>>> print(open('target19.cif').read())   # mmCIF, C-alpha atoms
data_coords
#
loop_
_atom_site.label_atom_id
_atom_site.label_comp_id
_atom_site.auth_asym_id
_atom_site.auth_seq_id
_atom_site.Cartn_x
_atom_site.Cartn_y
_atom_site.Cartn_z
CA MET L 1 6.74 -47.52 5.56
CA ARG L 2 3.33 -46.26 6.66
CA LEU L 3 3.42 -42.67 7.90
CA ALA L 4 0.52 -42.99 10.34
CA GLY L 5 2.09 -46.11 11.84
CA VAL L 6 5.44 -44.36 12.21
CA MET L 7 3.79 -41.38 13.94
CA ASP L 8 1.91 -43.73 16.28
CA GLU L 9 5.08 -45.61 17.20
CA ILE L 10 7.03 -42.42 17.86
CA GLY L 11 4.14 -41.31 20.04
CA ALA L 12 4.21 -44.62 21.92
CA ALA L 13 7.95 -44.24 22.48
CA LEU L 14 7.44 -40.71 23.78
CA ALA L 15 4.73 -41.91 26.16
CA VAL L 16 7.28 -43.60 28.41
CA ILE L 17 8.12 -40.13 29.75
CA ASP L 18 6.18 -39.84 32.97
CA GLY L 19 3.53 -37.12 32.93
CA LEU L 20 3.92 -36.18 29.26
CA ARG L 21 0.62 -36.16 27.38
CA VAL L 22 1.32 -37.48 23.91
CA PHE L 23 -0.50 -36.56 20.71
CA PRO L 24 0.75 -38.58 17.72
CA TYR L 25 -0.91 -36.07 15.40
CA SER L 26 -1.03 -32.29 15.00
CA ALA L 27 -3.36 -31.47 17.86
CA ASP L 28 -4.95 -28.03 17.87
CA ARG L 29 -5.68 -28.08 21.60
CA ILE L 30 -3.37 -29.49 24.25
CA THR L 31 -2.81 -29.60 27.97
CA PRO L 32 0.85 -29.14 28.92
CA PRO L 33 3.22 -30.77 29.27
CA ALA L 34 2.51 -32.30 25.90
CA GLY L 35 4.42 -34.12 23.19
CA ILE L 36 3.12 -33.69 19.64
CA VAL L 37 4.29 -35.74 16.67
CA GLY L 38 3.93 -33.43 13.68
CA TRP L 39 3.58 -34.01 9.96
CA PRO L 40 6.89 -34.64 8.20
CA ASP L 41 8.95 -31.61 7.26
CA SER L 42 10.27 -33.61 4.32
CA ILE L 43 9.94 -37.04 2.72
CA ASP L 44 12.56 -38.47 0.38
CA TYR L 45 11.43 -41.36 -1.79
CA ASP L 46 13.64 -43.81 -3.68
CA MET L 47 16.71 -43.65 -1.49
CA THR L 48 17.63 -47.01 -3.03
CA PHE L 49 16.57 -48.90 -6.16
CA GLY L 50 13.28 -50.69 -6.57
CA ARG L 51 11.45 -48.74 -3.82
CA GLY L 52 13.97 -50.19 -1.42
CA SER L 53 13.90 -47.35 1.08
CA ASP L 54 12.43 -43.94 1.84
CA SER L 55 13.37 -41.46 4.51
CA MET L 56 11.65 -38.57 6.23
CA VAL L 57 12.18 -35.96 8.90
CA LEU L 58 9.36 -35.42 11.40
CA PRO L 59 9.15 -32.68 14.02
CA VAL L 60 8.28 -33.64 17.56
CA TRP L 61 7.08 -30.75 19.65
CA VAL L 62 7.37 -30.80 23.40
CA VAL L 63 5.24 -28.05 24.86
CA VAL L 64 5.27 -26.85 28.45
CA GLY L 65 3.36 -24.16 30.33
CA LYS L 66 4.10 -20.61 31.26
CA VAL L 67 6.93 -19.01 29.36
CA ASP L 68 8.51 -17.22 32.31
CA ALA L 69 8.25 -19.71 35.16
CA ARG L 70 11.39 -21.25 36.59
CA SER L 71 9.64 -24.59 36.98
CA THR L 72 8.91 -24.48 33.26
CA ARG L 73 12.61 -24.03 32.58
CA ASP L 74 13.43 -27.06 34.69
CA THR L 75 10.75 -29.20 33.05
CA LEU L 76 11.71 -28.34 29.50
CA ALA L 77 15.40 -28.68 30.25
CA ALA L 78 14.83 -32.27 31.37
CA TYR L 79 13.05 -33.01 28.07
CA LEU L 80 16.01 -31.57 26.18
CA ASP L 81 18.56 -33.61 28.11
CA GLY L 82 20.40 -36.22 26.05
CA SER L 83 19.69 -38.90 28.62
CA GLY L 84 17.58 -39.49 31.68
CA PRO L 85 13.99 -40.43 32.42
CA SER L 86 12.52 -37.32 30.77
CA SER L 87 14.90 -37.18 27.81
CA VAL L 88 12.97 -37.02 24.54
CA LYS L 89 16.00 -38.30 22.64
CA ALA L 90 16.42 -41.28 24.94
CA ALA L 91 12.71 -42.09 24.79
CA ILE L 92 12.35 -41.89 21.01
CA ASP L 93 15.70 -43.47 20.14
CA GLY L 94 14.91 -46.30 22.54
CA GLY L 95 11.45 -47.01 21.15
CA THR L 96 10.28 -50.16 19.44
CA TYR L 97 9.55 -49.70 15.76
CA THR L 98 7.96 -52.09 13.31
CA ALA L 99 6.56 -49.51 10.88
CA CYS L 100 10.06 -48.42 9.85
CA ASP L 101 13.68 -49.48 10.16
CA SER L 102 15.40 -46.65 12.00
CA VAL L 103 14.34 -43.68 14.13
CA THR L 104 16.85 -41.15 15.45
CA VAL L 105 16.43 -37.80 17.15
CA THR L 106 19.13 -35.75 15.46
CA GLY L 107 18.66 -32.48 17.31
CA ALA L 108 16.57 -29.54 18.27
CA PRO L 109 17.93 -27.07 15.74
CA HIS L 110 15.75 -24.16 16.73
CA GLY L 111 16.30 -24.52 20.45
CA VAL L 112 13.45 -23.32 22.60
CA GLU L 113 10.80 -20.93 21.40
CA SER L 114 7.50 -19.47 22.42
CA VAL L 115 4.48 -20.86 20.59
CA SER L 116 0.80 -20.09 20.65
CA ILE L 117 -1.70 -22.94 20.54
CA ALA L 118 -5.42 -22.17 20.60
CA GLY L 119 -4.55 -18.63 21.69
CA ILE L 120 -2.44 -19.69 24.66
CA ASP L 121 1.29 -19.04 24.84
CA TYR L 122 3.56 -21.96 25.68
CA LEU L 123 7.25 -22.67 25.67
CA ALA L 124 8.25 -25.40 23.26
CA ALA L 125 11.22 -27.32 21.92
CA VAL L 126 11.04 -28.86 18.46
CA PHE L 127 13.06 -32.00 17.89
CA ASN L 128 14.01 -33.28 14.45
CA VAL L 129 13.42 -37.00 14.09
CA GLU L 130 14.99 -38.83 11.14
CA VAL L 131 13.16 -41.93 9.99
CA THR L 132 14.17 -44.47 7.36
CA GLY L 133 12.29 -47.54 6.23
CA LYS L 134 11.27 -49.77 3.37
CA GLY L 135 9.85 -47.89 0.42
CA GLY L 136 7.60 -50.60 -0.93
CA VAL L 137 6.01 -51.68 2.34
CA MET Y 1 12.10 -44.29 -27.19
CA ALA Y 2 12.13 -42.40 -23.95
CA GLN Y 3 14.33 -41.34 -21.12
CA VAL Y 4 14.22 -43.61 -18.09
CA HIS Y 5 14.52 -42.62 -14.45
CA GLY Y 6 17.32 -44.29 -12.54
CA LYS Y 7 15.14 -45.34 -9.62
CA VAL Y 8 14.10 -48.51 -11.43
CA GLY Y 9 17.63 -49.88 -11.78
CA ALA Y 10 18.28 -53.39 -10.54
CA ILE Y 11 21.16 -55.78 -9.97
CA LEU Y 12 21.56 -59.39 -8.98
CA ILE Y 13 24.85 -60.63 -7.61
CA ALA Y 14 25.35 -64.34 -7.10
CA THR Y 15 21.61 -64.65 -7.87
CA LYS Y 16 20.79 -62.38 -4.90
CA ASP Y 17 18.78 -59.25 -5.57
CA CYS Y 18 20.25 -56.53 -3.38
CA SER Y 19 18.81 -53.65 -5.44
CA ALA Y 20 16.76 -52.48 -2.48
CA TYR Y 21 19.96 -51.72 -0.57
CA THR Y 22 21.74 -50.08 -3.50
CA ASP Y 23 21.53 -46.45 -4.64
CA THR Y 24 24.30 -46.18 -7.23
CA ILE Y 25 25.43 -48.50 -10.03
CA GLU Y 26 28.39 -47.63 -12.24
CA PHE Y 27 28.73 -50.04 -15.13
CA ASP Y 28 31.99 -49.29 -16.91
CA GLN Y 29 33.01 -51.26 -20.02
CA SER Y 30 36.16 -50.84 -22.07
CA ALA Y 31 38.17 -52.61 -24.76
CA ASP Y 32 41.88 -52.80 -25.43
CA SER Y 33 43.13 -50.83 -28.39
CA HIS Y 34 46.08 -52.06 -30.47
CA ASP Y 35 47.92 -49.69 -32.75
CA THR Y 36 48.45 -51.45 -36.09
CA THR Y 37 49.71 -48.41 -37.96
CA THR Y 38 52.32 -49.18 -40.63
CA PHE Y 39 54.79 -47.00 -42.52
CA GLY Y 40 53.18 -44.90 -45.14
CA ALA Y 41 49.96 -44.39 -43.24
CA THR Y 42 48.78 -40.85 -42.68
CA GLY Y 43 46.82 -41.65 -39.54
CA HIS Y 44 46.88 -44.15 -36.73
CA VAL Y 45 45.12 -47.41 -37.40
CA TYR Y 46 43.72 -49.41 -34.54
CA ALA Y 47 42.50 -52.92 -33.94
CA GLY Y 48 40.21 -53.87 -31.13
CA GLY Y 49 41.36 -56.23 -28.43
CA LEU Y 50 40.02 -57.83 -25.31
CA THR Y 51 37.10 -56.31 -23.52
CA ASP Y 52 37.30 -55.38 -19.88
CA GLY Y 53 35.20 -53.59 -17.35
CA LYS Y 54 34.25 -52.97 -13.80
CA VAL Y 55 31.15 -52.34 -11.75
CA SER Y 56 30.99 -50.07 -8.74
CA LEU Y 57 28.06 -50.25 -6.34
CA LYS Y 58 27.04 -48.03 -3.46
CA GLY Y 59 24.14 -48.17 -1.09
CA THR Y 60 22.68 -48.09 2.38
CA TYR Y 61 23.63 -50.94 4.67
CA ASP Y 62 20.89 -53.34 5.70
CA ASN Y 63 21.30 -56.24 8.08
CA THR Y 64 19.06 -58.59 6.09
CA ALA Y 65 21.24 -61.66 6.26
CA SER Y 66 20.64 -63.33 2.92
CA VAL Y 67 20.40 -60.54 0.33
CA GLY Y 68 21.84 -57.61 2.28
CA PRO Y 69 25.24 -56.28 1.17
CA ARG Y 70 27.14 -58.51 3.57
CA GLY Y 71 25.38 -61.66 2.47
CA ALA Y 72 25.38 -60.88 -1.22
CA ILE Y 73 28.74 -59.15 -1.64
CA GLN Y 74 31.07 -59.36 1.35
CA ALA Y 75 30.57 -63.11 1.51
CA ASN Y 76 31.84 -63.35 -2.07
CA LEU Y 77 34.98 -61.24 -1.68
CA GLY Y 78 37.71 -62.73 -3.84
CA LEU Y 79 35.29 -64.97 -5.68
CA VAL Y 80 33.94 -64.92 -9.23
CA VAL Y 81 30.16 -64.87 -9.19
CA ALA Y 82 27.30 -64.28 -11.62
CA PHE Y 83 26.03 -60.74 -12.07
CA LYS Y 84 22.97 -59.31 -13.79
CA TYR Y 85 22.63 -55.61 -14.52
CA ARG Y 86 19.17 -54.28 -15.40
CA PRO Y 87 19.37 -50.51 -15.91
CA GLU Y 88 15.65 -50.16 -16.62
CA GLY Y 89 14.56 -52.56 -13.92
CA ILE Y 90 12.74 -55.84 -14.20
CA GLY Y 91 10.31 -56.50 -17.05
CA THR Y 92 9.86 -58.46 -20.23
CA GLY Y 93 11.79 -56.87 -23.09
CA LYS Y 94 13.88 -54.60 -20.89
CA PRO Y 95 17.66 -54.74 -21.33
CA GLU Y 96 19.83 -56.99 -19.24
CA SER Y 97 23.57 -57.51 -19.21
CA THR Y 98 24.76 -60.84 -17.84
CA PHE Y 99 28.35 -61.57 -16.93
CA ASN Y 100 30.65 -62.81 -14.20
CA VAL Y 101 32.43 -60.52 -11.76
CA LEU Y 102 35.36 -60.90 -9.42
CA VAL Y 103 34.48 -59.20 -6.17
CA THR Y 104 37.60 -57.13 -5.48
CA GLY Y 105 36.43 -54.80 -2.77
CA TYR Y 106 33.75 -54.29 -0.14
CA LYS Y 107 33.65 -51.26 2.14
CA GLU Y 108 31.37 -50.11 4.94
CA SER Y 109 31.32 -46.49 6.09
CA VAL Y 110 29.86 -45.70 9.49
CA ALA Y 111 29.33 -42.04 10.30
CA VAL Y 112 27.74 -40.83 13.52
CA SER Y 113 25.29 -38.59 11.70
CA ASP Y 114 24.18 -40.88 8.89
CA MET Y 115 22.94 -44.34 8.08
CA ILE Y 116 25.63 -46.96 7.54
CA LYS Y 117 26.75 -46.93 3.91
CA TRP Y 118 28.46 -49.60 1.86
CA SER Y 119 30.27 -49.77 -1.46
CA ALA Y 120 31.75 -52.52 -3.58
CA ASP Y 121 34.13 -52.87 -6.50
CA LEU Y 122 33.72 -55.66 -9.02
CA ASN Y 123 35.86 -56.58 -12.01
CA ILE Y 124 34.04 -57.99 -15.00
CA SER Y 125 35.45 -61.44 -15.77
CA GLY Y 126 34.93 -62.71 -19.33
CA ALA Y 127 32.39 -61.60 -21.86
CA VAL Y 128 29.29 -59.53 -21.28
CA THR Y 129 26.07 -60.84 -22.79
CA THR Y 130 23.45 -58.21 -23.45
CA ALA Y 131 19.90 -59.22 -24.28
CA ALA Y 132 16.31 -58.46 -23.52
CA GLN Y 133 14.81 -59.98 -20.39
#
>>> encode(input="target19.cif", output="structure tokens")
Amino acid sequence: MRLAGVMDEIGAALAVIDGLRVFPYSADRITPPAGIVGWPDSIDYDMTFGRGSDSMVLPVWVVVGKVDARSTRDTLAAYLDGSGPSSVKAAIDGGTYTACDSVTVTGAPHGVESVSIAGIDYLAAVFNVEVTGKGGV
Amino acid sequence: MAQVHGKVGAILIATKDCSAYTDTIEFDQSADSHDTTTFGATGHVYAGGLTDGKVSLKGTYDNTASVGPRGAIQANLGLVVAFKYRPEGIGTGKPESTFNVLVTGYKESVAVSDMIKWSADLNISGAVTTAAQ
């Protein structure tokens, strides 16, 4: 499982959401609404014998504009929906992956929070994405 | 001599290497004990009997048809097949136990929040041959 390839494929899956600008890396400057595939929070090697499988959890940030606008609420809510054309879970779970075996959005455990990127405040949701794949490939 | 990490462990069942889908091997050998104590003895006396044993396997399900858990284990349920156990992995001079097993159980566990897991129970059938690879 190649990390860069996994991040690229998650980014490609996220790109099916109309209007979302996708960064399959930790971008330091964005234009909202943006989806950012972050570095893994954790990587577990040797889940099975002989480098059979590894697993990791990656954060995917979805960042929208002004913190207090009602339109922002509506936009971010659609990204958080479990299904629908703007659903991050539906987009990522439904992606095509060859760099790994399985990709699942398990949740957004921290809900919605305000973040500052390049000195600008945004509203963001952070999704946890669990990835498993072959260890020796 | 040195301690060895478990990540290198390997198994072959019915000549199929499904180590990459396995995360736990329990290799459990035993032998019958016969009490041959006679009158006048001050302590029990025992004689060894037949050997026995079982192997328990657990792992993460994989749909690889030929050497995945279904192909290698479920397909052999109720059958006696060859088994190789290599606790230190593959390599010249490393230990290997070779024996036959009766596949007595195969189980899949599907939980909504986890990868599909599998487990299997095998009874050792006959003698165990231990040698270097």
>>> resolve_selection(input="target19.cif", expression="the PyMOL selection byres ((chain Y and resi 62) around 12)", output="PyMOL selection string")
(chain L and resi 48+52-53+101-102+132-134) or (chain Y and resi 18-22+59-61+63-72+108+115-118)
>>> write_last_selection(input="target19.cif", atoms="C-alpha atoms", output="PDB file, keeping the file's coordinate frame")
ATOM      1  CA  THR L  48      17.630 -47.010  -3.030  1.00  0.00           C
ATOM      2  CA  GLY L  52      13.970 -50.190  -1.420  1.00  0.00           C
ATOM      3  CA  SER L  53      13.900 -47.350   1.080  1.00  0.00           C
ATOM      4  CA  ASP L 101      13.680 -49.480  10.160  1.00  0.00           C
ATOM      5  CA  SER L 102      15.400 -46.650  12.000  1.00  0.00           C
ATOM      6  CA  THR L 132      14.170 -44.470   7.360  1.00  0.00           C
ATOM      7  CA  GLY L 133      12.290 -47.540   6.230  1.00  0.00           C
ATOM      8  CA  LYS L 134      11.270 -49.770   3.370  1.00  0.00           C
TER       9      LYS L 134
ATOM     10  CA  CYS Y  18      20.250 -56.530  -3.380  1.00  0.00           C
ATOM     11  CA  SER Y  19      18.810 -53.650  -5.440  1.00  0.00           C
ATOM     12  CA  ALA Y  20      16.760 -52.480  -2.480  1.00  0.00           C
ATOM     13  CA  TYR Y  21      19.960 -51.720  -0.570  1.00  0.00           C
ATOM     14  CA  THR Y  22      21.740 -50.080  -3.500  1.00  0.00           C
ATOM     15  CA  GLY Y  59      24.140 -48.170  -1.090  1.00  0.00           C
ATOM     16  CA  THR Y  60      22.680 -48.090   2.380  1.00  0.00           C
ATOM     17  CA  TYR Y  61      23.630 -50.940   4.670  1.00  0.00           C
ATOM     18  CA  ASN Y  63      21.300 -56.240   8.080  1.00  0.00           C
ATOM     19  CA  THR Y  64      19.060 -58.590   6.090  1.00  0.00           C
ATOM     20  CA  ALA Y  65      21.240 -61.660   6.260  1.00  0.00           C
ATOM     21  CA  SER Y  66      20.640 -63.330   2.920  1.00  0.00           C
ATOM     22  CA  VAL Y  67      20.400 -60.540   0.330  1.00  0.00           C
ATOM     23  CA  GLY Y  68      21.840 -57.610   2.280  1.00  0.00           C
ATOM     24  CA  PRO Y  69      25.240 -56.280   1.170  1.00  0.00           C
ATOM     25  CA  ARG Y  70      27.140 -58.510   3.570  1.00  0.00           C
ATOM     26  CA  GLY Y  71      25.380 -61.660   2.470  1.00  0.00           C
ATOM     27  CA  ALA Y  72      25.380 -60.880  -1.220  1.00  0.00           C
ATOM     28  CA  GLU Y 108      31.370 -50.110   4.940  1.00  0.00           C
ATOM     29  CA  MET Y 115      22.940 -44.340   8.080  1.00  0.00           C
ATOM     30  CA  ILE Y 116      25.630 -46.960   7.540  1.00  0.00           C
ATOM     31  CA  LYS Y 117      26.750 -46.930   3.910  1.00  0.00           C
ATOM     32  CA  TRP Y 118      28.460 -49.600   1.860  1.00  0.00           C
TER      33      TRP Y 118
END
>>> closest_residue(input="target19.cif", among="L:Lys66, L:Arg73, L:Arg21, L:Lys89", to="Ile36 in chain L", atoms="only C-alpha atoms")
L:Arg21
>>> atom_distance(input="target19.cif", atom1="CA of Asn100 in chain Y", atom2="CA of Met47 in chain L")
26.9 Å
>>> residues_around(input="target19.cif", residues="Pro24 in chain L", least_positions_apart="2", cutoff="8 Å", atoms="all atoms listed in the file", output="PyMOL selection string")
chain L and resi 7-8+10-11+22+26+35-38
>>> closest_residue(input="target19.cif", among="L:Pro32, L:Pro85, L:Pro59, L:Gly65", to="Val105 in chain L", atoms="all atoms listed in the file")
L:Pro59
>>> residues_around(input="target19.cif", residues="range 24-40 of chain Y", least_positions_apart="6", cutoff="10 Å", atoms="only C-alpha atoms", output="PyMOL selection string")
(chain L and resi 47-49) or (chain Y and resi 6-7+9-11+46-60+85+87+97+119-124+128)
>>> atom_distance(input="target19.cif", atom1="CA of Ile17 in chain L", atom2="CA of Ile43 in chain L")
27.3 Å
>>> resolve_selection(input="target19.cif", expression="the PyMOL selection byres ((chain Y and resi 89) around 8)", output="list in words")
Gly50 of chain L; Val8, Gly9, Ala10, Arg86, Pro87, Glu88, Ile90, Gly91 and Lys94 of chain Y
>>> write_last_selection(input="target19.cif", atoms="C-alpha atoms", output="PDB file, in the frame of the given file")
ATOM      1  CA  GLY L  50      13.280 -50.690  -6.570  1.00  0.00           C
TER       2      GLY L  50
ATOM      3  CA  VAL Y   8      14.100 -48.510 -11.430  1.00  0.00           C
ATOM      4  CA  GLY Y   9      17.630 -49.880 -11.780  1.00  0.00           C
ATOM      5  CA  ALA Y  10      18.280 -53.390 -10.540  1.00  0.00           C
ATOM      6  CA  ARG Y  86      19.170 -54.280 -15.400  1.00  0.00           C
ATOM      7  CA  PRO Y  87      19.370 -50.510 -15.910  1.00  0.00           C
ATOM      8  CA  GLU Y  88      15.650 -50.160 -16.620  1.00  0.00           C
ATOM      9  CA  ILE Y  90      12.740 -55.840 -14.200  1.00  0.00           C
ATOM     10  CA  GLY Y  91      10.310 -56.500 -17.050  1.00  0.00           C
ATOM     11  CA  LYS Y  94      13.880 -54.600 -20.890  1.00  0.00           C
TER      12      LYS Y  94
END
>>> resolve_selection(input="target19.cif", expression="the PyMOL selection byres ((chain Y and resi 78) around 6)", output="NGL selection string")
:Y and (77 or 79 or 103-104)
>>> write_last_selection(input="target19.cif", atoms="C-alpha atoms", output="short mmCIF file (atom, residue, chain, number, x, y, z; two decimals), keeping the file's coordinate frame")
data_model
loop_
_atom_site.label_atom_id
_atom_site.label_comp_id
_atom_site.auth_asym_id
_atom_site.auth_seq_id
_atom_site.Cartn_x
_atom_site.Cartn_y
_atom_site.Cartn_z
CA LEU Y 77 34.98 -61.24 -1.68
CA LEU Y 79 35.29 -64.97 -5.68
CA VAL Y 103 34.48 -59.20 -6.17
CA THR Y 104 37.60 -57.13 -5.48
#
>>> residues_around(input="target19.cif", residues="Leu58 in chain L", least_positions_apart="3", cutoff="8 Å", atoms="only C-alpha atoms", output="PyMOL selection string")
chain L and resi 37-42+128-131
